[in-house]
Amino acid sequence: MDLASRYKGVVGLVFGDNPSNEDSYIQRLLDRISNGTLPDDRRTAIVELQSVVAESNAAQLAFGAAGFPVIVGILKDQRDDVEMVRGALETLLGALTPIDHGRAQKTEVHAALMNSDLLSREAENITLLLSLLEEEDFYVRYYTLQILTALLMNSQNRLQEAILTTPRGITRLMDMLMDREVIRNEALLLLTHLTREAEEIQKIVVFEGAFEKIFSIIKEEGGSDGDVVVQDCLELLNNLLRSSSSNQILLRETMGFEPIISILKLRGITYKFTQQKTVNLLSALETINMLIMGGAETDPGKDSNKLANRTVLVQKKLLDHLLMLGVESQWAPVAVRCMTFKCIGDLIAGHPKNRDILGSKVLGEDRQVEPALNSILRIILQTSSIQEFVAADYVFKTFCEKNSEGQTMLASTLIPQPHPTARDPIEDDVHMSFGSMLLRGLCSGEADGDLETCCRAASILSHVVKDNLRCKEKALKIVLESPMPSMGTPEPLFQRIVRYLAVASSMKSKDKSSTLEKSYIQQIILKLLVTWTADFPAAVQCFLDSRHHLTYLLELVTDSAATVCIRGLASILLGECVIYNKSIENGKDAFAVVDSVSQKMGLTTYFSKFEEMQNSFIFSPSKKPPQGHKPLTRTATPSEAEINDVDEADEKEKGNEDHPMLLSLFDASFIGLVKSLAGNIKERIVDLYSRPKSEVAVVPADLEQKSGEIEKDYINRLKAFIEKQCSEIQNLLARNAALAEDVASSGRNDQSQGSEQRASSVMDKVQMESIRRELQETSQRLETVKAEKAKIESEASSYKNMAAKLESDLKSLSDAYNSLEQANYHLEQEVKSLKGGEAPMKFPDIEAIKEEVRKEAQKESEDELNDLLVCLGQEESKVEKLTARLVELGVDVDKLLEDVGDESEAQAESEEDDH
């Protein structure tokens with residue numbers, strides 16, 4: 001047999017070429033078992049063999065080389081001899097059980113692993129062991145289950161494959177759950193290990209009725225008050241539900257969720273939470289959380305299953321049990337309350353109906369009733385556990401996420417109460433509204449210098465105002481009274497929060513011994529200010545109303561004692577004062593803020609704060625801890641001290657002073673907001689430097705011709721204006737070159753010089769392109785003005801020619817009228833001469849003829865004159881319009897008319913000379 005030969009070689013390597021006494025002794029025992037004639041002698045030999053194998057690592061090695069064929073032969077051929085079968089199984093179990101290696105040498109071979117590998121290589125051996133589960137003898141079944149468990153620990157994959165290929169293999173194991181208590185417990189432990197990562201085995205176990213059997217055992221053991229068997233049952237249940245939506249659907253549609261929900265129900269008047277009960281409750285809450293999350297991430301039906309599970313769980317009053325366990329039961333350990341809050345948060349996340357149900361829940365009895373959200377807020381403000389604060393804060397985060405109505409409902413209760421002269425009893429909080437309690441928390445701690453409560457209230461307020469303009473406006477209008485009337489006038493809530501940020505900084509510098517414990521206070525206050533100010537110019541205006549705020553923020557960004565996260569968030573808040581600044585007041589506008597940053601630290605240092613923050617472990621996705629909780633197993637059961645003290649952070653500081661709990665409070669949405677703001681801030685600052693006050697750089701009035709300004713002066717003034725603008729552009733180019741160098745060098749310190757030059761070149765090209773675009777716009781405007789001036793001059797010339805023509809027509813009419821008057825005069829003279837003649841003659845009535853001729857001439861003259869006047873009226877209207885247009889264009893009309901008159905007189909004189 002090749003395997004036996006190989007293992008003999010291993011034994012020879014360990015013990016030398018000559019077999020040891022133990023090796024020869026085991027060989028003799030095996031000979032007596034296989035070749036003995038007396039039954040009693042064979043039974044005695046197997047008992048001795050079992051004893052020596054269980055105590056010696058060398059004996060286990062020697063047994064594995066030659067003992068398995070003998071033992072397997074007994075299990076096959078001597079089933080009727082129960083004592084021999086028992087002895088054989090005990091010997092196998094001893095050979096597979098590791099001996100304490102703490103006292104063994106490091107070079108010593110691990111015999112139990114070798115024996116497990118040898119036995120599991122033959123699938124027939126696993127089939128043989130599974131067949132023994134059908135024997136009537138109690139110890140045979142018991143030892144068989146223990147052997148299978150030992151094989152599973154050492155050779156998991158082989159055992160799973162062998163069980164799957166064995167007919168009715170899983171069925172036999174499931175039947176053991178209905179056996180006697182000891183065997184049931186062993187079978188339960190074996191199935192728990194088998195189903196951890198074997199999807200096929202999970203399906204068969206569920207098909208064999210695992211849910212009914214599991215809940216039957218839990219009920220029999222007393223639910224959450226039971227012992228470790230309940231924990232094993234819940235661990236097996238979690239293995240079946242963790243990554244399988246189909247198994248969750250099967251449970252929902254067959255037995256329902258009532259059995260698992262009933263485990264959370266607290267029984268008795270005095271609740272006693274032992275260590276095992278706490279672990280059982282944590283395991284049940286883990287099961288609830290799996291159902292809430294709906295299955296594996298890659299499951300295509302996860303979302304629909306998640307929605308159905310949440311709906312059914314709330315219908316079955318799960319929320320009432322969770323609130324009782326996490327809020328009303330003050331005896332529950334912190335770990336249980338934290339897990340309960342996580343379940344509540346996951347239950348309402350993205351589920352509007354469940355959110356509304358939570359918002360309407362009322363806790364307490366008689367006169368001590370209060371809304372559930374108020375109770376959770378009171379726990380946040382009063383608990384001494386940081387972990388419980390983080391877990392309860394998650395409830396408000398999920399409640400306010402994309403829930404504008406819920407946010408508005410909470411914000412509507414933000415009504416300041418008179419400042420108490422002494423600390424009010426806790427019972428009085430029951431009668432306070434949510435907003436009043438929150439405002440009290442925000443204002444507490446100022447007298448004694450402890451801003452822990454204020455910090456927690458600030459975290460809740462950040463959820464209330466997030467992405468909700470109405471809530472931001474409501475909170476911004478709140479004015480708080482001074483703690484002591486003699487110390488000052490009331491101040492806005494926003495400015496009070498900024499003042500607390502400065503107070504927290506001074507407290508931290510005084511007490512450096514508690515740096516880690518309180519290092520999250522400034523970050524959470526900054527988170528509120530960043531969230532509140534985002535896309536809300538009114539908050540920026542409120543912040544800049546006090547010059548001390550900007551000065552303090554600049555100092556905080558450059559404070560070397562502050563953490564990377566504090567400096568980064570302060571720089572983001574400073575950048576929001578630029579991108580959301582709508583002020584036009586000098587000293588408070590966006591350009592003034594950028595100038596202050598440039599003078600205080602330089603843009604290179606300022607932009608580097610963004611990169612430092614995004615590279616920290618809190619903002620780096622690659623360093624985020626995996627979501628979800630580590631499954632509770634019997635081997636990983638926490639101790640009572642660990643259950644009661646869950647504030648110890650597993651995550652180390654990783655070279656940073658920021659508190660690890662910020663990993664939970666700074667969720668993905670806030671980190672995304674910060675990264676988006678960082679990019680917008682850089683673009684806006686570069687734009688401000690590249691186009692400073694561009695809104696007033698070009699004044700249209702400066703490009704128009706003034707009234708009475710001649711063309712030569714107008715052109716000279718335009719030329720001077722362009723030269724001035726070119727000078728300003730040259731100054732701007734020099735300033736932008738410095739900015740480009742600043743921005744290019746704001747990258748990582750380890751970038752090469754060539755990379756910096758390329759980045760600087762890119763920035764120069766961007767700035768040059770911007771300047772070139774401005775020059776083109778100015779040139780186009782100048783060309784437009786010149787074209788418009790040429791057009792106006794052309795129109796003036798045409799109107800001048802038209803006026804000259806009208807003057808000529810008027811002169812010709814005047815000449816015709818004069819000639820007519822002369823003809824009339826000659827006729828009158830002839831008539832007089834005829835009347836003075838000697839012989840009277842009969843002449844026609846000269847006066848009548850004269851009168852008739854005069855009337856006809858007058859009529860013709862009047863008609864022509866009327867036509868002329870109409871024409872002159874029309875031309876006069878055109879002249880008036882032309883005059884108005886010329887005045888608008890800055891042309892001196894009087895001077896133009898004088899020029900026209902001079903030209904007309906000159907023309908008339910030349911005509912007279914011609915005649």
# chains A, B, ... in the order shown; residues from 1 in each chain; ligands from 1
>>> residues_around(residues="segment 172-187 of chain A", least_positions_apart="6", cutoff="9 Å", atoms="only C-alpha atoms", output="PyMOL selection string")
chain A and resi 130-131+133-134+138+141-142+145-146+149+205+208-210+213-214+217+229+232
>>> residues_around(residues="Glu821 of chain A", least_positions_apart="5", cutoff="10 Å", atoms="only C-alpha atoms", output="number ranges by chain")
A: 815-816, 826, 854, 857
>>> write_last_selection(atoms="C-alpha atoms", output="PDB file, in the first residue's frame")
ATOM      1  CA  ASP A 815     -38.270 131.556 -59.767  1.00  0.00           C
ATOM      2  CA  ALA A 816     -41.449 130.416 -61.552  1.00  0.00           C
ATOM      3  CA  HIS A 826     -46.500 143.713 -68.122  1.00  0.00           C
ATOM      4  CA  ARG A 854     -54.816 136.063 -61.290  1.00  0.00           C
ATOM      5  CA  ALA A 857     -52.274 131.673 -61.389  1.00  0.00           C
TER       6      ALA A 857
END
>>> closest_residue(among="A:Ala296, A:Cys343, A:Val578, A:Ile572", to="Gln614 of chain A", atoms="only C-alpha atoms")
A:Ile572
>>> residues_around(residues="Gly64 of chain A", least_positions_apart="2", cutoff="9 Å", atoms="only C-alpha atoms", output="ChimeraX atom specification")
/A:4,7-8,59-62,66-68,95,111-112,114-115,118-119
>>> atom_distance(atom1="atom CA of Met601 of chain A", atom2="atom CA of Tyr552 of chain A")
13.4 Å
>>> atom_distance(atom1="atom CA of Glu161 of chain A", atom2="atom CA of Ser244 of chain A")
20.3 Å
>>> select_by_dssp(residues="segment 446-583 of chain A", states="strand (DSSP E or B)", output="NGL selection string")
:A and (479-480 or 491-492)
>>> closest_residue(among="A:Glu136, A:Ser598, A:Ile147, A:Glu788", to="Asp80 of chain A", atoms="only C-alpha atoms")
A:Glu136
>>> closest_atom_pairs(of="segment 303-407 of chain A", to="segment 248-272 of chain A", cutoff="10 Å", atoms="only C-alpha atoms", output="CSV")
residue,atom,partner,partner_atom,distance
A:Asn305,CA,A:Ile249,CA,7.2
A:Lys306,CA,A:Gln248,CA,9.6
A:Ala308,CA,A:Ile249,CA,9.0
A:Asn309,CA,A:Arg252,CA,7.7
A:Val312,CA,A:Phe257,CA,7.9
A:Leu313,CA,A:Phe257,CA,7.0
A:Lys316,CA,A:Glu258,CA,6.9
A:Lys317,CA,A:Ile261,CA,8.5
A:Leu318,CA,A:Ile261,CA,6.5
A:Leu319,CA,A:Ile261,CA,10.0
A:Asp320,CA,A:Lys265,CA,9.7
A:His321,CA,A:Lys265,CA,6.3
A:Leu322,CA,A:Leu264,CA,7.7
A:Met324,CA,A:Leu266,CA,8.5
A:Leu325,CA,A:Leu264,CA,7.6
A:Ser329,CA,A:Tyr271,CA,8.4
A:Gln330,CA,A:Tyr271,CA,9.5
A:Trp331,CA,A:Tyr271,CA,6.8
A:Ala332,CA,A:Tyr271,CA,8.1
>>> atom_distance(atom1="atom CA of Asp356 of chain A", atom2="atom CA of Glu405 of chain A")
9.8 Å
>>> residues_around(residues="Asp81 of chain A", least_positions_apart="2", cutoff="12 Å", atoms="only C-alpha atoms", output="NGL selection string")
:A and (39-40 or 42-43 or 74-79 or 83-88 or 135 or 137 or 140)
>>> select_by_dssp(residues="segment 459-630 of chain A", states="alpha helix (DSSP H)", output="count of residues only")
104
>>> closest_residue(among="A:Gly350, A:Gly441, A:Pro300, A:Pro371", to="Val327 of chain A", atoms="only C-alpha atoms")
A:Pro371
>>> closest_residue(among="A:Thr278, A:Ser546, A:Ser245, A:Gln858", to="Asp303 of chain A", atoms="only C-alpha atoms")
A:Ser245
>>> residues_around(residues="Arg378 of chain A", least_positions_apart="2", cutoff="9 Å", atoms="only C-alpha atoms", output="VMD selection string")
chain A and resid 373 to 376 380 to 383 429 to 430 437 to 438
>>> write_last_selection(atoms="all heavy atoms", output="PDB file, in the first residue's frame")
ATOM      1  N   LEU A 373     -38.512  58.455  18.645  1.00  0.00           N
ATOM      2  CA  LEU A 373     -37.342  59.215  18.206  1.00  0.00           C
ATOM      3  C   LEU A 373     -36.805  60.098  19.324  1.00  0.00           C
ATOM      4  O   LEU A 373     -35.588  60.295  19.441  1.00  0.00           O
ATOM      5  CB  LEU A 373     -37.696  60.065  16.981  1.00  0.00           C
ATOM      6  CG  LEU A 373     -37.997  59.279  15.689  1.00  0.00           C
ATOM      7  CD1 LEU A 373     -38.405  60.227  14.579  1.00  0.00           C
ATOM      8  CD2 LEU A 373     -36.794  58.457  15.258  1.00  0.00           C
ATOM      9  N   ASN A 374     -37.690  60.641  20.142  1.00  0.00           N
ATOM     10  CA  ASN A 374     -37.229  61.426  21.296  1.00  0.00           C
ATOM     11  C   ASN A 374     -36.437  60.564  22.269  1.00  0.00           C
ATOM     12  O   ASN A 374     -35.415  60.979  22.817  1.00  0.00           O
ATOM     13  CB  ASN A 374     -38.421  62.062  22.009  1.00  0.00           C
ATOM     14  CG  ASN A 374     -39.062  63.172  21.188  1.00  0.00           C
ATOM     15  OD1 ASN A 374     -38.956  63.167  19.955  1.00  0.00           O
ATOM     16  ND2 ASN A 374     -39.712  64.112  21.841  1.00  0.00           N
ATOM     17  N   SER A 375     -36.928  59.337  22.486  1.00  0.00           N
ATOM     18  CA  SER A 375     -36.235  58.433  23.412  1.00  0.00           C
ATOM     19  C   SER A 375     -34.851  58.081  22.886  1.00  0.00           C
ATOM     20  O   SER A 375     -33.871  58.027  23.644  1.00  0.00           O
ATOM     21  CB  SER A 375     -37.061  57.161  23.620  1.00  0.00           C
ATOM     22  OG  SER A 375     -38.330  57.465  24.168  1.00  0.00           O
ATOM     23  N   ILE A 376     -34.755  57.835  21.581  1.00  0.00           N
ATOM     24  CA  ILE A 376     -33.454  57.505  20.993  1.00  0.00           C
ATOM     25  C   ILE A 376     -32.513  58.704  21.081  1.00  0.00           C
ATOM     26  O   ILE A 376     -31.316  58.548  21.375  1.00  0.00           O
ATOM     27  CB  ILE A 376     -33.630  57.036  19.533  1.00  0.00           C
ATOM     28  CG1 ILE A 376     -34.490  55.763  19.490  1.00  0.00           C
ATOM     29  CG2 ILE A 376     -32.279  56.780  18.882  1.00  0.00           C
ATOM     30  CD1 ILE A 376     -34.817  55.299  18.095  1.00  0.00           C
ATOM     31  N   ILE A 380     -28.819  59.082  22.954  1.00  0.00           N
ATOM     32  CA  ILE A 380     -27.619  59.626  22.308  1.00  0.00           C
ATOM     33  C   ILE A 380     -26.972  60.696  23.179  1.00  0.00           C
ATOM     34  O   ILE A 380     -25.746  60.740  23.330  1.00  0.00           O
ATOM     35  CB  ILE A 380     -27.989  60.200  20.922  1.00  0.00           C
ATOM     36  CG1 ILE A 380     -28.340  59.063  19.960  1.00  0.00           C
ATOM     37  CG2 ILE A 380     -26.852  61.045  20.350  1.00  0.00           C
ATOM     38  CD1 ILE A 380     -28.828  59.535  18.610  1.00  0.00           C
ATOM     39  N   LEU A 381     -27.793  61.564  23.772  1.00  0.00           N
ATOM     40  CA  LEU A 381     -27.257  62.682  24.538  1.00  0.00           C
ATOM     41  C   LEU A 381     -26.749  62.267  25.908  1.00  0.00           C
ATOM     42  O   LEU A 381     -25.923  62.966  26.505  1.00  0.00           O
ATOM     43  CB  LEU A 381     -28.332  63.766  24.703  1.00  0.00           C
ATOM     44  CG  LEU A 381     -28.873  64.390  23.406  1.00  0.00           C
ATOM     45  CD1 LEU A 381     -29.945  65.416  23.716  1.00  0.00           C
ATOM     46  CD2 LEU A 381     -27.756  65.016  22.596  1.00  0.00           C
ATOM     47  N   GLN A 382     -27.222  61.113  26.435  1.00  0.00           N
ATOM     48  CA  GLN A 382     -26.906  60.759  27.819  1.00  0.00           C
ATOM     49  C   GLN A 382     -26.018  59.532  27.966  1.00  0.00           C
ATOM     50  O   GLN A 382     -25.430  59.334  29.012  1.00  0.00           O
ATOM     51  CB  GLN A 382     -28.205  60.521  28.611  1.00  0.00           C
ATOM     52  CG  GLN A 382     -29.064  61.760  28.746  1.00  0.00           C
ATOM     53  CD  GLN A 382     -30.369  61.482  29.468  1.00  0.00           C
ATOM     54  OE1 GLN A 382     -30.668  60.342  29.806  1.00  0.00           O
ATOM     55  NE2 GLN A 382     -31.154  62.517  29.692  1.00  0.00           N
ATOM     56  N   THR A 383     -25.907  58.691  26.936  1.00  0.00           N
ATOM     57  CA  THR A 383     -25.152  57.454  27.100  1.00  0.00           C
ATOM     58  C   THR A 383     -23.668  57.742  27.312  1.00  0.00           C
ATOM     59  O   THR A 383     -23.117  58.717  26.798  1.00  0.00           O
ATOM     60  CB  THR A 383     -25.333  56.544  25.873  1.00  0.00           C
ATOM     61  OG1 THR A 383     -24.624  55.331  26.083  1.00  0.00           O
ATOM     62  CG2 THR A 383     -24.797  57.211  24.616  1.00  0.00           C
ATOM     63  N   ASP A 429     -37.175  65.675  30.527  1.00  0.00           N
ATOM     64  CA  ASP A 429     -36.925  65.545  29.094  1.00  0.00           C
ATOM     65  C   ASP A 429     -38.074  64.849  28.381  1.00  0.00           C
ATOM     66  O   ASP A 429     -38.261  65.026  27.178  1.00  0.00           O
ATOM     67  CB  ASP A 429     -35.621  64.776  28.853  1.00  0.00           C
ATOM     68  CG  ASP A 429     -34.408  65.582  29.279  1.00  0.00           C
ATOM     69  OD1 ASP A 429     -34.539  66.799  29.501  1.00  0.00           O
ATOM     70  OD2 ASP A 429     -33.346  64.964  29.406  1.00  0.00           O
ATOM     71  N   VAL A 430     -38.819  64.022  29.087  1.00  0.00           N
ATOM     72  CA  VAL A 430     -39.921  63.284  28.472  1.00  0.00           C
ATOM     73  C   VAL A 430     -40.957  64.235  27.910  1.00  0.00           C
ATOM     74  O   VAL A 430     -41.615  63.952  26.910  1.00  0.00           O
ATOM     75  CB  VAL A 430     -40.552  62.313  29.497  1.00  0.00           C
ATOM     76  CG1 VAL A 430     -41.745  61.597  28.894  1.00  0.00           C
ATOM     77  CG2 VAL A 430     -39.517  61.310  29.954  1.00  0.00           C
ATOM     78  N   MET A 437     -35.142  69.442  22.863  1.00  0.00           N
ATOM     79  CA  MET A 437     -34.124  68.588  23.461  1.00  0.00           C
ATOM     80  C   MET A 437     -32.819  68.658  22.681  1.00  0.00           C
ATOM     81  O   MET A 437     -31.721  68.692  23.262  1.00  0.00           O
ATOM     82  CB  MET A 437     -34.628  67.141  23.515  1.00  0.00           C
ATOM     83  CG  MET A 437     -33.794  66.220  24.394  1.00  0.00           C
ATOM     84  SD  MET A 437     -34.293  64.475  24.255  1.00  0.00           S
ATOM     85  CE  MET A 437     -36.064  64.594  24.510  1.00  0.00           C
ATOM     86  N   LEU A 438     -32.941  68.727  21.345  1.00  0.00           N
ATOM     87  CA  LEU A 438     -31.739  68.804  20.513  1.00  0.00           C
ATOM     88  C   LEU A 438     -31.009  70.129  20.744  1.00  0.00           C
ATOM     89  O   LEU A 438     -29.774  70.156  20.855  1.00  0.00           O
ATOM     90  CB  LEU A 438     -32.119  68.660  19.036  1.00  0.00           C
ATOM     91  CG  LEU A 438     -30.971  68.636  18.025  1.00  0.00           C
ATOM     92  CD1 LEU A 438     -30.061  67.457  18.282  1.00  0.00           C
ATOM     93  CD2 LEU A 438     -31.506  68.597  16.602  1.00  0.00           C
TER      94      LEU A 438
END
>>> residues_around(residues="Asp393 of chain A", least_positions_apart="3", cutoff="9 Å", atoms="only C-alpha atoms", output="ChimeraX atom specification")
/A:341,376-377,380,388-390,396-398,456,459-460,665
>>> write_last_selection(atoms="N, CA, C and O atoms", output="compact mmCIF listing (two decimals), in the first residue's frame")
# COMPACT_ATOMS: atom_id res chain seq x y z
N PHE A 341 -30.06 48.82 17.49
CA PHE A 341 -30.15 50.08 16.74
C PHE A 341 -29.76 49.86 15.28
O PHE A 341 -30.34 50.48 14.38
N ILE A 376 -34.76 57.83 21.58
CA ILE A 376 -33.45 57.50 20.99
C ILE A 376 -32.51 58.70 21.08
O ILE A 376 -31.32 58.55 21.38
N LEU A 377 -33.05 59.91 20.85
CA LEU A 377 -32.22 61.11 20.99
C LEU A 377 -31.73 61.27 22.42
O LEU A 377 -30.57 61.64 22.65
N ILE A 380 -28.82 59.08 22.95
CA ILE A 380 -27.62 59.63 22.31
C ILE A 380 -26.97 60.70 23.18
O ILE A 380 -25.75 60.74 23.33
N GLU A 388 -22.59 53.07 21.48
CA GLU A 388 -24.05 53.19 21.48
C GLU A 388 -24.47 54.49 20.81
O GLU A 388 -25.48 54.53 20.10
N PHE A 389 -23.72 55.56 21.02
CA PHE A 389 -24.02 56.81 20.33
C PHE A 389 -23.93 56.63 18.82
O PHE A 389 -24.80 57.10 18.07
N VAL A 390 -22.89 55.96 18.34
CA VAL A 390 -22.73 55.74 16.90
C VAL A 390 -23.89 54.90 16.35
O VAL A 390 -24.45 55.19 15.28
N PHE A 396 -31.00 57.77 13.07
CA PHE A 396 -31.41 59.07 12.55
C PHE A 396 -30.88 59.29 11.13
O PHE A 396 -31.53 59.95 10.31
N LYS A 397 -29.71 58.76 10.84
CA LYS A 397 -29.17 58.89 9.48
C LYS A 397 -30.10 58.23 8.47
O LYS A 397 -30.46 58.83 7.45
N THR A 398 -30.52 57.00 8.74
CA THR A 398 -31.41 56.30 7.82
C THR A 398 -32.80 56.90 7.81
O THR A 398 -33.49 56.87 6.78
N ARG A 456 -22.55 65.38 19.92
CA ARG A 456 -23.53 64.37 19.51
C ARG A 456 -24.79 65.02 18.94
O ARG A 456 -25.35 64.55 17.94
N SER A 459 -24.20 66.09 15.42
CA SER A 459 -24.29 64.99 14.44
C SER A 459 -25.74 64.75 14.03
O SER A 459 -26.03 64.53 12.85
N ILE A 460 -26.66 64.81 15.00
CA ILE A 460 -28.08 64.60 14.67
C ILE A 460 -28.58 65.76 13.81
O ILE A 460 -29.33 65.56 12.84
N LEU A 665 -19.34 57.32 11.37
CA LEU A 665 -20.09 58.58 11.26
C LEU A 665 -19.87 59.25 9.90
O LEU A 665 -20.77 59.91 9.39
>>> closest_residue(among="A:Asn581, A:Asn157, A:Ser24, A:Ser814", to="Val540 of chain A", atoms="only C-alpha atoms")
A:Asn581
